[in-house]
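This is run20.cif (mmCIF, C-alpha atoms and all ligand atoms).
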data_entry
#
loop_
_atom_site.label_atom_id
_atom_site.label_comp_id
_atom_site.auth_asym_id
_atom_site.auth_seq_id
_atom_site.Cartn_x
_atom_site.Cartn_y
_atom_site.Cartn_z
CA MET A 177 0.00 0.00 0.00
CA LYS A 178 1.19 3.46 -0.93
CA SER A 179 1.64 6.03 1.80
CA LYS A 180 -1.35 8.32 2.23
CA ASN A 181 0.59 11.41 1.17
CA GLU A 182 1.88 9.68 -1.90
CA PHE A 183 -1.68 8.64 -2.75
CA VAL A 184 -3.04 12.17 -2.47
CA ASP A 185 -0.17 13.55 -4.57
CA THR A 186 -0.73 10.95 -7.30
CA VAL A 187 -4.47 11.65 -7.51
CA ILE A 188 -3.90 15.39 -7.78
CA ALA A 189 -1.12 14.99 -10.36
CA THR A 190 -3.41 12.77 -12.45
CA LEU A 191 -6.23 15.31 -12.27
CA ARG A 192 -3.85 18.10 -13.26
CA LYS A 193 -2.62 16.06 -16.22
CA ALA A 194 -6.16 15.16 -17.37
CA LEU A 195 -7.20 18.81 -17.19
CA SER A 196 -3.84 20.15 -18.46
CA SER A 197 -4.47 22.79 -15.81
CA GLU A 198 -2.09 25.55 -14.92
CA ASN A 199 -1.88 26.57 -11.29
CA SER A 200 -3.26 30.04 -11.93
CA LYS A 201 -6.50 28.97 -13.60
CA LEU A 202 -9.67 27.98 -11.79
CA THR A 203 -11.29 24.82 -13.12
CA PRO A 204 -14.96 24.79 -12.10
CA LEU A 205 -16.87 21.62 -11.29
CA HIS A 206 -19.32 22.47 -14.02
CA ALA A 207 -20.09 25.56 -16.10
CA PRO A 208 -22.92 26.31 -18.51
CA HIS A 209 -21.93 26.50 -22.15
CA PHE A 210 -23.64 28.93 -24.57
CA SER A 211 -22.41 28.60 -28.12
CA GLY A 212 -25.60 28.20 -30.13
CA ASN A 213 -28.74 30.21 -30.80
CA GLU A 214 -29.13 31.57 -27.26
CA TRP A 215 -28.71 35.25 -28.24
CA ASN A 216 -30.98 34.94 -31.29
CA TYR A 217 -33.83 33.30 -29.42
CA LEU A 218 -33.58 35.63 -26.44
CA LYS A 219 -33.61 38.62 -28.77
CA GLU A 220 -36.72 37.23 -30.40
CA CYS A 221 -38.43 37.15 -26.99
CA LEU A 222 -37.53 40.78 -26.30
CA ASP A 223 -38.39 41.97 -29.81
CA THR A 224 -41.82 40.33 -29.72
CA GLY A 225 -42.56 41.08 -26.06
CA TRP A 226 -43.23 37.40 -25.31
CA VAL A 227 -41.09 37.11 -22.21
CA SER A 228 -43.40 35.67 -19.61
CA SER A 229 -45.59 32.68 -18.94
CA VAL A 230 -46.98 32.16 -22.40
CA GLY A 231 -45.23 32.22 -25.73
CA PRO A 232 -44.15 30.17 -28.70
CA PHE A 233 -40.85 28.98 -27.18
CA VAL A 234 -42.62 27.22 -24.30
CA ASP A 235 -44.67 25.10 -26.70
CA ARG A 236 -41.70 24.47 -28.92
CA PHE A 237 -39.46 23.52 -26.00
CA GLU A 238 -42.03 21.06 -24.69
CA LYS A 239 -42.42 19.42 -28.10
CA GLU A 240 -38.68 19.18 -28.69
CA LEU A 241 -38.02 17.85 -25.21
CA ALA A 242 -40.67 15.17 -25.63
CA SER A 243 -39.15 14.21 -28.94
CA PHE A 244 -35.60 14.14 -27.51
CA THR A 245 -36.54 11.94 -24.55
CA GLY A 246 -39.05 9.80 -26.42
CA ALA A 247 -41.72 10.70 -23.88
CA LYS A 248 -45.17 11.38 -25.31
CA TYR A 249 -45.54 14.62 -23.35
CA ALA A 250 -43.35 17.20 -21.63
CA VAL A 251 -44.59 20.05 -19.45
CA ALA A 252 -42.08 22.83 -18.79
CA VAL A 253 -42.05 24.32 -15.29
CA VAL A 254 -40.04 26.78 -13.17
CA ASN A 255 -37.58 24.28 -11.75
CA GLY A 256 -36.88 20.60 -11.19
CA THR A 257 -38.26 20.67 -7.66
CA ALA A 258 -41.63 21.93 -8.94
CA ALA A 259 -41.56 19.18 -11.60
CA LEU A 260 -41.08 16.59 -8.86
CA HIS A 261 -43.77 18.13 -6.68
CA ILE A 262 -46.41 18.06 -9.43
CA SER A 263 -45.33 14.60 -10.64
CA LEU A 264 -45.85 13.23 -7.14
CA LEU A 265 -49.18 14.99 -6.62
CA LEU A 266 -50.55 13.70 -9.92
CA SER A 267 -49.23 10.20 -9.29
CA GLY A 268 -51.59 9.96 -6.35
CA VAL A 269 -49.29 10.70 -3.41
CA LEU A 270 -51.61 11.82 -0.61
CA PRO A 271 -51.04 13.59 2.73
CA GLY A 272 -49.85 11.05 5.28
CA ASP A 273 -48.43 8.62 2.70
CA GLU A 274 -44.84 7.44 2.77
CA VAL A 275 -42.68 7.67 -0.34
CA LEU A 276 -39.54 5.55 -0.74
CA MET A 277 -36.46 7.44 -1.94
CA PRO A 278 -32.68 7.21 -1.57
CA SER A 279 -30.98 9.01 1.29
CA LEU A 280 -28.14 9.68 -1.12
CA THR A 281 -29.66 12.40 -3.28
CA PHE A 282 -30.08 16.15 -3.45
CA VAL A 283 -32.41 17.58 -0.79
CA ALA A 284 -35.05 18.56 -3.39
CA THR A 285 -36.27 14.95 -3.71
CA ALA A 286 -37.28 14.86 -0.05
CA ASN A 287 -38.58 18.43 -0.10
CA ALA A 288 -40.96 17.69 -2.99
CA ILE A 289 -42.37 14.72 -1.05
CA THR A 290 -42.83 16.95 1.97
CA TYR A 291 -44.68 19.56 -0.12
CA CYS A 292 -47.27 16.80 -0.74
CA GLN A 293 -47.53 16.42 3.05
CA ALA A 294 -46.14 12.94 2.59
CA VAL A 295 -43.21 11.40 4.48
CA PRO A 296 -39.87 10.48 2.87
CA HIS A 297 -38.85 6.89 3.68
CA PHE A 298 -35.12 6.52 3.05
CA VAL A 299 -33.62 3.54 1.24
CA ASP A 300 -30.04 2.48 0.62
CA SER A 301 -27.87 2.96 -2.47
CA THR A 302 -25.34 0.69 -4.14
CA GLU A 303 -21.85 1.32 -5.42
CA ASN A 304 -22.73 -0.47 -8.69
CA THR A 305 -25.04 2.30 -9.94
CA LEU A 306 -24.91 4.96 -7.17
CA GLY A 307 -28.70 4.50 -7.19
CA ILE A 308 -31.16 2.43 -5.16
CA ASN A 309 -29.90 -0.97 -3.99
CA VAL A 310 -32.71 -3.07 -5.41
CA ASP A 311 -31.94 -6.43 -3.76
CA LYS A 312 -31.64 -4.82 -0.36
CA LEU A 313 -34.86 -2.86 -0.87
CA ASN A 314 -36.70 -6.02 -1.91
CA ASP A 315 -35.62 -7.83 1.27
CA TYR A 316 -36.52 -4.82 3.37
CA LEU A 317 -40.01 -4.48 1.89
CA LEU A 318 -40.65 -8.21 2.38
CA GLU A 319 -39.97 -7.55 6.05
CA ILE A 320 -41.81 -4.27 6.66
CA ALA A 321 -44.53 -4.02 4.02
CA TYR A 322 -47.84 -5.73 3.36
CA ILE A 323 -50.38 -5.34 0.59
CA LYS A 324 -54.05 -4.70 1.27
CA ASP A 325 -56.68 -3.88 -1.37
CA GLY A 326 -53.97 -3.19 -3.92
CA ASN A 327 -52.10 -0.74 -1.68
CA CYS A 328 -48.78 -1.19 0.09
CA TYR A 329 -48.59 -0.42 3.83
CA ASN A 330 -45.77 -0.06 6.31
CA ARG A 331 -46.60 -2.53 9.10
CA PHE A 332 -44.64 -0.51 11.64
CA THR A 333 -46.02 2.99 10.99
CA GLY A 334 -49.40 1.91 9.58
CA ARG A 335 -49.01 4.43 6.77
CA ARG A 336 -49.57 3.68 3.10
CA ILE A 337 -46.40 3.52 1.01
CA ALA A 338 -47.54 5.21 -2.18
CA ALA A 339 -44.55 5.54 -4.45
CA LEU A 340 -40.90 4.84 -5.13
CA VAL A 341 -38.68 7.68 -6.35
CA PRO A 342 -35.31 6.54 -7.69
CA MET A 343 -32.73 9.18 -8.59
CA HIS A 344 -30.17 8.75 -11.37
CA THR A 345 -27.12 9.97 -9.50
CA PHE A 346 -24.79 12.31 -11.42
CA GLY A 347 -26.54 11.14 -14.60
CA HIS A 348 -25.98 7.40 -14.12
CA PRO A 349 -29.16 5.37 -14.57
CA ALA A 350 -30.28 3.38 -11.53
CA ASP A 351 -31.22 -0.30 -11.92
CA LEU A 352 -34.57 0.46 -13.52
CA GLU A 353 -35.38 -3.15 -14.37
CA GLY A 354 -35.09 -4.13 -10.72
CA ILE A 355 -36.96 -1.02 -9.66
CA LEU A 356 -39.87 -1.79 -12.01
CA LEU A 357 -40.09 -5.32 -10.59
CA ILE A 358 -40.28 -3.96 -7.05
CA CYS A 359 -42.96 -1.44 -8.03
CA GLU A 360 -45.03 -4.20 -9.54
CA LYS A 361 -44.52 -6.63 -6.69
CA PHE A 362 -45.35 -4.11 -3.96
CA SER A 363 -47.96 -1.99 -5.80
CA LEU A 364 -45.84 1.15 -5.78
CA THR A 365 -46.11 4.00 -8.27
CA LEU A 366 -42.83 4.83 -9.97
CA VAL A 367 -41.85 8.51 -10.24
CA GLU A 368 -38.28 9.14 -11.40
CA ASP A 369 -36.10 11.97 -10.21
CA ALA A 370 -34.31 12.36 -13.54
CA ALA A 371 -33.14 15.88 -12.68
CA GLU A 372 -29.52 14.97 -13.43
CA SER A 373 -29.97 12.43 -16.20
CA LEU A 374 -31.23 14.27 -19.27
CA GLY A 375 -29.77 12.31 -22.18
CA SER A 376 -29.05 9.17 -20.14
CA LEU A 377 -30.48 5.90 -21.37
CA TYR A 378 -31.24 2.61 -19.67
CA LYS A 379 -31.35 -0.26 -22.16
CA GLY A 380 -31.90 2.26 -24.92
CA GLN A 381 -34.81 4.03 -23.21
CA HIS A 382 -34.53 7.53 -21.80
CA THR A 383 -34.46 7.82 -18.00
CA GLY A 384 -37.57 9.47 -16.60
CA THR A 385 -39.89 7.59 -18.97
CA PHE A 386 -40.13 4.28 -17.10
CA GLY A 387 -42.83 5.17 -14.59
CA LYS A 388 -45.83 7.39 -14.20
CA ALA A 389 -43.75 10.55 -14.61
CA GLY A 390 -40.19 11.83 -14.53
CA ALA A 391 -38.77 15.16 -13.37
CA ILE A 392 -35.92 16.94 -15.15
CA SER A 393 -34.01 20.04 -14.02
CA PHE A 394 -32.51 22.81 -16.14
CA ASN A 395 -30.81 24.63 -13.30
CA GLY A 396 -27.55 26.40 -14.17
CA ASN A 397 -25.40 23.52 -12.96
CA LYS A 398 -27.17 20.77 -14.90
CA ILE A 399 -26.16 19.32 -18.29
CA MET A 400 -28.19 22.00 -20.07
CA THR A 401 -29.79 25.07 -18.59
CA THR A 402 -32.72 27.45 -19.01
CA GLY A 403 -31.36 29.68 -16.24
CA GLY A 404 -33.81 28.04 -13.89
CA GLY A 405 -36.29 25.50 -15.06
CA GLY A 406 -37.59 21.98 -15.05
CA ALA A 407 -39.93 19.64 -16.87
CA ILE A 408 -42.30 16.80 -16.19
CA ILE A 409 -42.07 14.05 -18.79
CA THR A 410 -44.75 11.38 -19.07
CA ASN A 411 -46.49 9.00 -21.46
CA ASP A 412 -49.80 9.54 -19.67
CA GLU A 413 -51.96 12.02 -21.57
CA SER A 414 -54.31 12.72 -18.69
CA LEU A 415 -51.40 13.34 -16.31
CA ALA A 416 -49.78 15.69 -18.83
CA LYS A 417 -53.00 17.68 -19.23
CA GLN A 418 -53.51 17.93 -15.50
CA ALA A 419 -49.87 18.93 -15.05
CA LYS A 420 -50.24 21.79 -17.49
CA HIS A 421 -53.47 22.89 -15.78
CA LEU A 422 -52.13 22.63 -12.26
CA THR A 423 -48.88 24.46 -13.07
CA THR A 424 -50.75 27.38 -14.70
CA THR A 425 -52.82 28.34 -11.63
CA ALA A 426 -55.56 25.90 -12.72
CA LYS A 427 -57.01 28.58 -14.98
CA VAL A 428 -59.96 27.48 -17.06
CA PRO A 429 -59.42 28.62 -20.65
CA HIS A 430 -61.63 31.60 -21.46
CA SER A 431 -61.08 34.65 -23.64
CA TRP A 432 -61.63 37.17 -20.85
CA HIS A 433 -62.93 35.65 -17.61
CA PHE A 434 -60.62 34.68 -14.78
CA ILE A 435 -61.86 31.32 -13.60
CA HIS A 436 -59.74 28.85 -11.65
CA ASP A 437 -61.19 25.50 -10.67
CA ARG A 438 -58.77 24.38 -7.95
CA THR A 439 -55.83 25.63 -5.93
CA GLY A 440 -53.18 25.56 -8.61
CA PHE A 441 -49.55 26.58 -8.73
CA ASN A 442 -47.73 29.31 -10.59
CA TYR A 443 -45.09 26.88 -11.81
CA ARG A 444 -45.12 27.61 -15.54
CA MET A 445 -41.79 28.12 -17.28
CA PRO A 446 -41.51 31.66 -18.73
CA ASN A 447 -41.01 32.01 -22.50
CA ILE A 448 -37.63 33.66 -22.02
CA ASN A 449 -36.33 30.59 -20.19
CA ALA A 450 -37.82 28.27 -22.78
CA ALA A 451 -36.03 30.26 -25.51
CA LEU A 452 -32.75 29.48 -23.77
CA GLY A 453 -33.92 25.87 -23.48
CA CYS A 454 -34.57 25.56 -27.22
CA ALA A 455 -31.07 26.84 -27.97
CA GLN A 456 -29.48 24.52 -25.40
CA LEU A 457 -31.41 21.48 -26.54
CA GLU A 458 -29.97 21.93 -30.04
CA GLN A 459 -26.50 21.56 -28.51
CA LEU A 460 -27.31 18.77 -26.08
CA PRO A 461 -26.04 15.88 -28.26
CA PHE A 462 -22.75 17.76 -28.55
CA PHE A 463 -22.61 18.34 -24.76
CA ILE A 464 -23.17 14.65 -24.12
CA GLU A 465 -20.55 13.60 -26.63
CA ARG A 466 -18.00 15.93 -25.01
CA LYS A 467 -18.86 14.69 -21.53
CA ARG A 468 -18.52 11.10 -22.55
CA ARG A 469 -15.15 11.87 -24.10
CA LEU A 470 -13.97 13.56 -20.89
CA ALA A 471 -15.20 10.57 -18.88
CA HIS A 472 -13.26 8.26 -21.15
CA LEU A 473 -10.10 10.31 -20.66
CA TYR A 474 -10.47 10.32 -16.86
CA SER A 475 -11.21 6.63 -16.89
CA GLU A 476 -8.03 5.81 -18.81
CA MET A 477 -5.86 8.05 -16.68
CA PHE A 478 -7.17 6.81 -13.35
CA GLN A 479 -6.75 3.20 -14.38
CA GLN A 480 -3.06 3.64 -13.54
CA VAL A 481 -3.79 4.99 -10.04
CA SER A 482 -4.31 2.51 -7.26
CA GLY A 483 -6.55 3.23 -4.29
CA ILE A 484 -9.18 5.01 -6.35
CA ARG A 485 -11.42 4.28 -9.34
CA PHE A 486 -13.28 6.34 -11.87
CA PHE A 487 -17.02 5.57 -11.79
CA ARG A 488 -18.22 4.07 -15.09
CA GLU A 489 -21.73 3.54 -16.39
CA SER A 490 -23.00 -0.01 -15.81
CA THR A 491 -23.66 -2.45 -18.63
CA GLY A 492 -26.84 -1.63 -20.49
CA SER A 493 -26.72 2.02 -19.42
CA ARG A 494 -25.60 4.99 -21.42
CA SER A 495 -24.82 7.85 -19.07
CA ASN A 496 -24.67 11.56 -19.84
CA TYR A 497 -21.74 11.73 -17.35
CA TRP A 498 -23.14 14.98 -16.02
CA LEU A 499 -20.77 14.93 -13.04
CA ASN A 500 -17.66 12.80 -13.11
CA THR A 501 -16.98 10.82 -9.99
CA LEU A 502 -13.99 9.18 -8.35
CA ILE A 503 -14.55 6.58 -5.65
CA LEU A 504 -11.80 6.05 -3.10
CA ASP A 505 -11.00 2.54 -1.94
CA THR A 506 -12.01 2.00 1.66
CA ASP A 507 -8.36 2.00 2.73
CA TYR A 508 -7.98 5.55 1.45
CA ALA A 509 -11.36 6.99 2.51
CA SER A 510 -9.52 8.86 5.27
CA GLU A 511 -7.87 10.97 2.54
CA LEU A 512 -11.11 12.41 1.11
CA GLU A 513 -10.87 15.57 3.20
CA SER A 514 -7.26 16.30 2.26
CA LEU A 515 -8.04 15.67 -1.42
CA LEU A 516 -10.93 18.14 -1.21
CA LYS A 517 -8.78 20.68 0.57
CA GLN A 518 -5.75 20.47 -1.69
CA THR A 519 -7.63 20.40 -5.02
CA ASN A 520 -9.85 23.35 -4.11
CA GLU A 521 -6.84 25.29 -2.81
CA GLU A 522 -5.09 24.95 -6.12
CA GLY A 523 -8.17 25.89 -8.17
CA ILE A 524 -9.33 22.44 -9.23
CA MET A 525 -12.89 22.50 -7.97
CA THR A 526 -14.00 19.21 -6.42
CA ARG A 527 -16.94 18.37 -4.19
CA PRO A 528 -18.03 15.53 -1.92
CA VAL A 529 -21.48 13.99 -2.30
CA TRP A 530 -24.43 15.59 -0.46
CA ARG A 531 -24.79 15.09 3.27
CA LEU A 532 -27.14 12.10 3.53
CA LEU A 533 -30.70 13.33 3.84
CA HIS A 534 -31.69 11.16 6.80
CA GLU A 535 -29.12 13.12 8.82
CA LEU A 536 -30.57 16.57 8.06
CA PRO A 537 -32.52 18.09 10.98
CA MET A 538 -35.90 18.15 9.20
CA TYR A 539 -35.61 14.53 8.10
CA VAL A 540 -33.94 12.75 11.04
CA ASP A 541 -37.24 11.35 12.28
CA CYS A 542 -38.33 9.89 8.94
CA PRO A 543 -38.40 6.10 8.57
CA SER A 544 -35.39 4.50 6.92
CA MET A 545 -33.85 1.11 6.24
CA ASP A 546 -30.27 0.19 6.99
CA LEU A 547 -28.23 2.80 5.09
CA SER A 548 -24.73 1.37 5.48
CA GLY A 549 -24.16 1.40 1.70
CA SER A 550 -24.98 5.09 1.46
CA ARG A 551 -22.88 5.93 4.51
CA ASP A 552 -19.95 4.07 2.99
CA LEU A 553 -20.33 5.91 -0.35
CA GLU A 554 -20.62 9.26 1.40
CA ARG A 555 -17.08 8.81 2.79
CA ARG A 556 -15.59 7.84 -0.57
CA ILE A 557 -17.14 9.96 -3.35
CA LEU A 558 -15.18 12.80 -4.93
CA ASN A 559 -16.75 14.73 -7.80
CA ILE A 560 -14.27 16.24 -10.23
CA PRO A 561 -14.43 18.94 -12.93
CA SER A 562 -16.91 17.94 -15.62
CA GLY A 563 -17.62 20.95 -17.86
CA VAL A 564 -17.98 20.46 -21.62
CA GLU A 565 -15.25 23.03 -22.26
CA LEU A 566 -12.61 20.88 -20.53
CA ILE A 567 -11.99 18.66 -23.52
C1 LIG B 1 -31.05 19.64 -9.35
C2 LIG B 1 -31.82 18.56 -8.72
C3 LIG B 1 -33.17 18.70 -8.36
C4 LIG B 1 -33.93 19.98 -8.38
O1 LIG B 1 -33.85 20.75 -9.47
P1 LIG B 1 -33.99 22.35 -9.33
O2 LIG B 1 -34.18 22.74 -10.76
O3 LIG B 1 -32.72 22.85 -8.74
O4 LIG B 1 -35.19 22.62 -8.49
C5 LIG B 1 -33.83 17.60 -7.86
N1 LIG B 1 -33.21 16.43 -7.67
C6 LIG B 1 -31.92 16.26 -7.98
C7 LIG B 1 -31.31 14.94 -7.76
C8 LIG B 1 -31.17 17.32 -8.50
O5 LIG B 1 -29.87 17.15 -8.76
#
How does this structure look as structure tokens?
Amino acid sequence: MKSKNEFVDTVIATLRKALSSENSKLTPLHAPHFSGNEWNYLKECLDTGWVSSVGPFVDRFEKELASFTGAKYAVAVVNGTAALHISLLLSGVLPGDEVLMPSLTFVATANAITYCQAVPHFVDSTENTLGINVDKLNDYLLEIAYIKDGNCYNRFTGRRIAALVPMHTFGHPADLEGILLICEKFSLTLVEDAAESLGSLYKGQHTGTFGKAGAISFNGNKIMTTGGGGAIITNDESLAKQAKHLTTTAKVPHSWHFIHDRTGFNYRMPNINAALGCAQLEQLPFFIERKRRLAHLYSEMFQQVSGIRFFRESTGSRSNYWLNTLILDTDYASELESLLKQTNEEGIMTRPVWRLLHELPMYVDCPSMDLSGSRDLERRILNIPSGVELI
């Protein structure tokens, strides 16, 4: 075994070489890239006055997004969290229900469940996909869940378990085949948090299209951006219609009267953001190709480094490699903090994974299964610069 200092030095030298970075330059974790029609489309918005919640770019963006993902429908909204919130509401998540989701995800997944007055129920993740550990979840549900009248219940809390929300971590598809089997076996509705996985395929099918609905984010740090934005993708026509209605203050169409038939949300994506989205979507295949090339380069370079491995997509998956990830061997997990410190000090931006959600103050009392896999990953994940301009 190499000494710990030697290990840290080798990792940093390899990163420097992959990025051909000079000491003076800051290499961000991720940066948006605007080299297409962004200016033209934004100018069109300003010239025509269509800047707000209706306009031709919103319709066009929704159509093009549906076509890109292969979903029948896409509904553009203000951000990915809102997309998740509405997806869950329209998938039948009710106040007092529990919703299964990984502890290893961004806080928005749990927040959206909470907005439905439902309770996040945390499940474990696996190093194979960085997503839900399906075998472990199956065993857990056999132990804690029972089915009555076509619904799944938690025998310890008495609450209904309404849905399962996998998240495709850093763009890598979770084990969707296993997840679908669990949903079927335990009568759970599948809603995918595909916020990070636009352009990622599982067995040739776009992530976010496997269940009732999927949520995508176009925040500034994601693979493509609309400034802020999100979308619900679905193959369910009725859900898509309701999503559009609910996200536009539930306004009943009328030429002049203001009639709203339920408490809706002002979640509609403005035209100006959709204009940016149309321009970015045109470049998305190019972004993905660049990201996959960068991932390949990292992968080759880190093959020579012991004590750490570059995370690769699993067989059958095609990842967008939104964020590139190194995973430290257990023996070197103690060096994560010094790697973070030294890389950031010299301008190579790196980040650990999120603090596990079941440890956050508002979620500590939520039910959870054994999360040893997630806790182990939390100590060993290092995200490294992933922008499309790096290669
Ligand atoms: C970014 C993200 C979201 C939320 O998207 P916003 O557009 O920031 O609201 C939800 N879940 C995951 C996993 C994300 O990475």
Inset, instruction - Tell me, in Å to one decimal, how far CA of Lys467 (chain A) is from CA of His206 (chain A). - result: 10.8 Å
Inset, instruction - Taking (-51.9, 11.1, -11.2) in the file's own coordinates, collect the residues within 9 Å, counting all atoms listed in the file, and hand them back as a list in words. - result: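 Final list of nearby residues, as requested, is Ser263, Leu264, Leu265, Leu266, Ser267, Gly268, Val269, Lys388, Ala389, Asp412, Ser414, Leu415, Gln418 and Ala419 of chain A.
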Inset, instruction - Write out as number ranges by chain which residues come within 12 Å of region 529-531 of chain A when counting all atoms listed in the file, dropping same-chain ones fewer than 5 positions away. - result: A: 278-284, 306, 345-346, 499-503, 512, 516, 536-537, 539, 550-560
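Take the candidates A:Thr333, A:Ser373, A:Gln456, A:Ser482 and check each one against Glu214 (chain A) using all atoms listed in the file; the shortest distance goes to A:Gln456.
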Inset, instruction - Name each residue within 8 Å of ligand LIG 1 (chain B), counting all atoms listed in the file, as a PyMOL selection string. - result: chain A and resi 254-260+281-285+343-346+369-372+391-395+397-398+404-406
Inset, instruction - Could you tell me which of A:Arg331, A:Met277, A:Ala250, A:Thr203 comes closest to Gly307 (chain A) if we count all atoms listed in the file? - result: A:Met277
Legend entry - Neighbour list for Ile320 (chain A) as a PyMOL selection string, cut-off 9 Å, only C-alpha atoms, skip fewer than 2 positions in-chain: chain A and resi 315-318+322+329-332
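Using all atoms listed in the file, the smallest distance between any of A:Gly225, A:Gly354, A:Gly272, A:Gly483 and Asp505 (chain A) comes from A:Gly483.
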Inset, instruction - Would you list the contacts of Tyr291 (chain A) as a VMD selection string, taking every protein, DNA or RNA residue within 7 Å and counting all atoms listed in the file, but skipping same-chain residues closer than 3 positions in sequence? - result: chain A and resid 261 287 to 288
Legend entry - Which of A:Leu340, A:Ile448, A:Met525, A:Leu202 sits closest to Val367 (chain A) [using all atoms listed in the file]: A:Leu340
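Here CA of Gln518 (chain A) and CA of Arg485 (chain A) stand 18.8 Å from one another.
Here CA of Cys359 (chain A) is placed at a distance of 10.0 Å from CA of Cys328 (chain A).
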Inset, instruction - Would you please work out which residue, of A:Ala509, A:Ile262, A:Ile355, A:Ile409, is nearest to Leu422 (chain A) when using all atoms listed in the file? - result: A:Ile262
Return as JSON the centre and edge lengths, in Å with one decimal, of the box along x, y and z that encloses every atom of region 487-505 of chain A in the file, padded by 5 Å per side.
{"center_x": -18.9, "center_y": 6.3, "center_z": -11.7, "size_x": 25.8, "size_y": 27.4, "size_z": 29.5}
Near Ile323 (chain A), counting all atoms listed in the file, which residues have an atom at most 12 Å away, once you skip same-chain residues fewer than 6 positions from it, shown as a PDB file with C-alpha atoms, in the coordinates of the input?
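Result file is around.pdb:
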ATOM      1  CA  LEU A 317     -40.010  -4.480   1.890  1.00  0.00           C
ATOM      2  CA  TYR A 329     -48.590  -0.420   3.830  1.00  0.00           C
ATOM      3  CA  ASN A 330     -45.770  -0.060   6.310  1.00  0.00           C
ATOM      4  CA  ARG A 331     -46.600  -2.530   9.100  1.00  0.00           C
ATOM      5  CA  GLY A 334     -49.400   1.910   9.580  1.00  0.00           C
ATOM      6  CA  ARG A 335     -49.010   4.430   6.770  1.00  0.00           C
ATOM      7  CA  ARG A 336     -49.570   3.680   3.100  1.00  0.00           C
ATOM      8  CA  ILE A 337     -46.400   3.520   1.010  1.00  0.00           C
ATOM      9  CA  ALA A 338     -47.540   5.210  -2.180  1.00  0.00           C
ATOM     10  CA  GLU A 360     -45.030  -4.200  -9.540  1.00  0.00           C
ATOM     11  CA  LYS A 361     -44.520  -6.630  -6.690  1.00  0.00           C
ATOM     12  CA  PHE A 362     -45.350  -4.110  -3.960  1.00  0.00           C
ATOM     13  CA  SER A 363     -47.960  -1.990  -5.800  1.00  0.00           C
ATOM     14  CA  LEU A 364     -45.840   1.150  -5.780  1.00  0.00           C
TER      15      LEU A 364
END
Using all atoms listed in the file, determine which residues lie at most 12 Å from Arg438 (chain A), disregarding the query and same-chain residues fewer than 3 positions distant; provide the list as a PDB file with C-alpha atoms, in the frame of the given file.
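Saved as part_2.pdb:
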ATOM      1  CA  GLN A 418     -53.510  17.930 -15.500  1.00  0.00           C
ATOM      2  CA  HIS A 421     -53.470  22.890 -15.780  1.00  0.00           C
ATOM      3  CA  LEU A 422     -52.130  22.630 -12.260  1.00  0.00           C
ATOM      4  CA  THR A 423     -48.880  24.460 -13.070  1.00  0.00           C
ATOM      5  CA  THR A 424     -50.750  27.380 -14.700  1.00  0.00           C
ATOM      6  CA  THR A 425     -52.820  28.340 -11.630  1.00  0.00           C
ATOM      7  CA  ALA A 426     -55.560  25.900 -12.720  1.00  0.00           C
ATOM      8  CA  LYS A 427     -57.010  28.580 -14.980  1.00  0.00           C
ATOM      9  CA  VAL A 428     -59.960  27.480 -17.060  1.00  0.00           C
ATOM     10  CA  ILE A 435     -61.860  31.320 -13.600  1.00  0.00           C
ATOM     11  CA  PHE A 441     -49.550  26.580  -8.730  1.00  0.00           C
TER      12      PHE A 441
END
